[in-house]
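Novice: Here's a structure for you.
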Amino acid sequence: MEELYSAITLEDSDGNELEFFFADAIEYEGSLYAVLVPVDDEDDEVTILRTSRDENGEFGDMYGVEDESVLRAVFELFVNSLDDE
């Protein structure tokens with residue numbers, strides 16, 4: 001599991017800037033998902049976005065995930081990775 005580092009800023013579809021802490025990168029069924037924790041969220045919620053890495057290991061564009069079964073599976077893998085620490 002990758003560690004929480006500095007905040008990253010993403011822009012939503014309405015042009016609003018949102019800040020997140022990067023919590024983990026989870027591979028699931030051939031895709032890579034970023035697990036993000038909102039900087040100003042006190043509800044212990046996470047945001048899961050599909051992403052990729054470029055040749056330098058940097059994350060590329062991030063996309064929302066609409067499939068609830070994928071979200072649940074990625075979240076479960078994330079929680080299990082926390083238990084393994």
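Ordered as shown in the structure tokens, chains take letters A, B, and onward, while each chain numbers its residues from 1 and ligands are numbered from 1 in the order shown.
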Near Val35 of chain A, counting only C-alpha atoms, which residues have an atom at most 6 Å away, once you skip same-chain residues fewer than 5 positions from it, shown as a ChimeraX atom specification?
Specialist: /A:23-24,47-48
Novice: With C-alpha atoms kept, could you save the residues just selected as a PDB file, in the first residue's frame?
Specialist:
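See part.pdb below for the written result:
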ATOM      1  CA  ALA A  23      -4.730   6.868   0.263  1.00  0.00           C
ATOM      2  CA  ASP A  24      -3.899   3.922  -2.010  1.00  0.00           C
ATOM      3  CA  THR A  47     -13.591   8.611  -3.305  1.00  0.00           C
ATOM      4  CA  ILE A  48     -12.606   5.893  -5.769  1.00  0.00           C
TER       5      ILE A  48
END
Novice: Just the residues within 9 Å of Glu27 of chain A, please, counting only C-alpha atoms, with nothing from its chain fewer than 4 positions along; format it as a count of residues only.
Specialist: 6
Novice: Which is closest to Val37 of chain A among A:Ser13, A:Asn56, A:Ala7, A:Ser81, if we use only C-alpha atoms?
Specialist: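 The answer is A:Ala7, which sits nearest to Val37 of chain A.
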Novice: Looking only at the backbone, which of the residues in chain A does DSSP tag as strand (DSSP E), as a JSON list (two decimals) with C-alpha atoms, in the first residue's frame?
Specialist:
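Saved file part.json follows:
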[["chain", "number", "residue", "atom", "x", "y", "z"],
["A", 7, "ALA", "CA", -2.91, 16.78, -1.05],
["A", 8, "ILE", "CA", -3.83, 16.69, -4.73],
["A", 9, "THR", "CA", -6.36, 18.98, -6.37],
["A", 10, "LEU", "CA", -8.89, 17.64, -8.86],
["A", 11, "GLU", "CA", -11.54, 19.47, -10.82],
["A", 17, "GLU", "CA", -11.61, 22.34, -7.34],
["A", 18, "LEU", "CA", -11.57, 19.60, -4.69],
["A", 19, "GLU", "CA", -8.61, 18.59, -2.54],
["A", 20, "PHE", "CA", -7.86, 14.99, -1.63],
["A", 21, "PHE", "CA", -5.20, 12.98, 0.12],
["A", 22, "PHE", "CA", -4.03, 9.96, -1.87],
["A", 23, "ALA", "CA", -4.73, 6.87, 0.26],
["A", 24, "ASP", "CA", -3.90, 3.92, -2.01],
["A", 25, "ALA", "CA", -3.77, 2.53, -5.54],
["A", 26, "ILE", "CA", -5.75, -0.68, -5.97],
["A", 27, "GLU", "CA", -5.62, -3.00, -8.98],
["A", 28, "TYR", "CA", -8.88, -4.75, -9.75],
["A", 31, "SER", "CA", -7.73, -1.63, -14.03],
["A", 32, "LEU", "CA", -6.07, 0.70, -11.55],
["A", 33, "TYR", "CA", -8.13, 2.67, -9.04],
["A", 34, "ALA", "CA", -7.05, 5.57, -6.85],
["A", 35, "VAL", "CA", -8.56, 5.69, -3.36],
["A", 36, "LEU", "CA", -8.75, 9.31, -2.25],
["A", 37, "VAL", "CA", -9.73, 10.90, 1.06],
["A", 38, "PRO", "CA", -11.23, 14.40, 0.87],
["A", 47, "THR", "CA", -13.59, 8.61, -3.30],
["A", 48, "ILE", "CA", -12.61, 5.89, -5.77],
["A", 49, "LEU", "CA", -11.56, 6.88, -9.29],
["A", 50, "ARG", "CA", -10.28, 4.76, -12.19],
["A", 51, "THR", "CA", -6.84, 5.84, -13.33],
["A", 63, "TYR", "CA", -12.44, 9.00, -14.08],
["A", 64, "GLY", "CA", -15.53, 8.41, -11.96]]
Novice: Which value, in Å to one decimal, gives the distance between atom CA of Phe59 of chain A and atom CA of Leu71 of chain A?
Specialist: 19.0 Å
Novice: DSSP on the backbone: which residues in segment 13-85 of chain A end up as helix (DSSP H, G or I)? Give the answer as a ChimeraX atom specification.
Specialist: /A:68-83
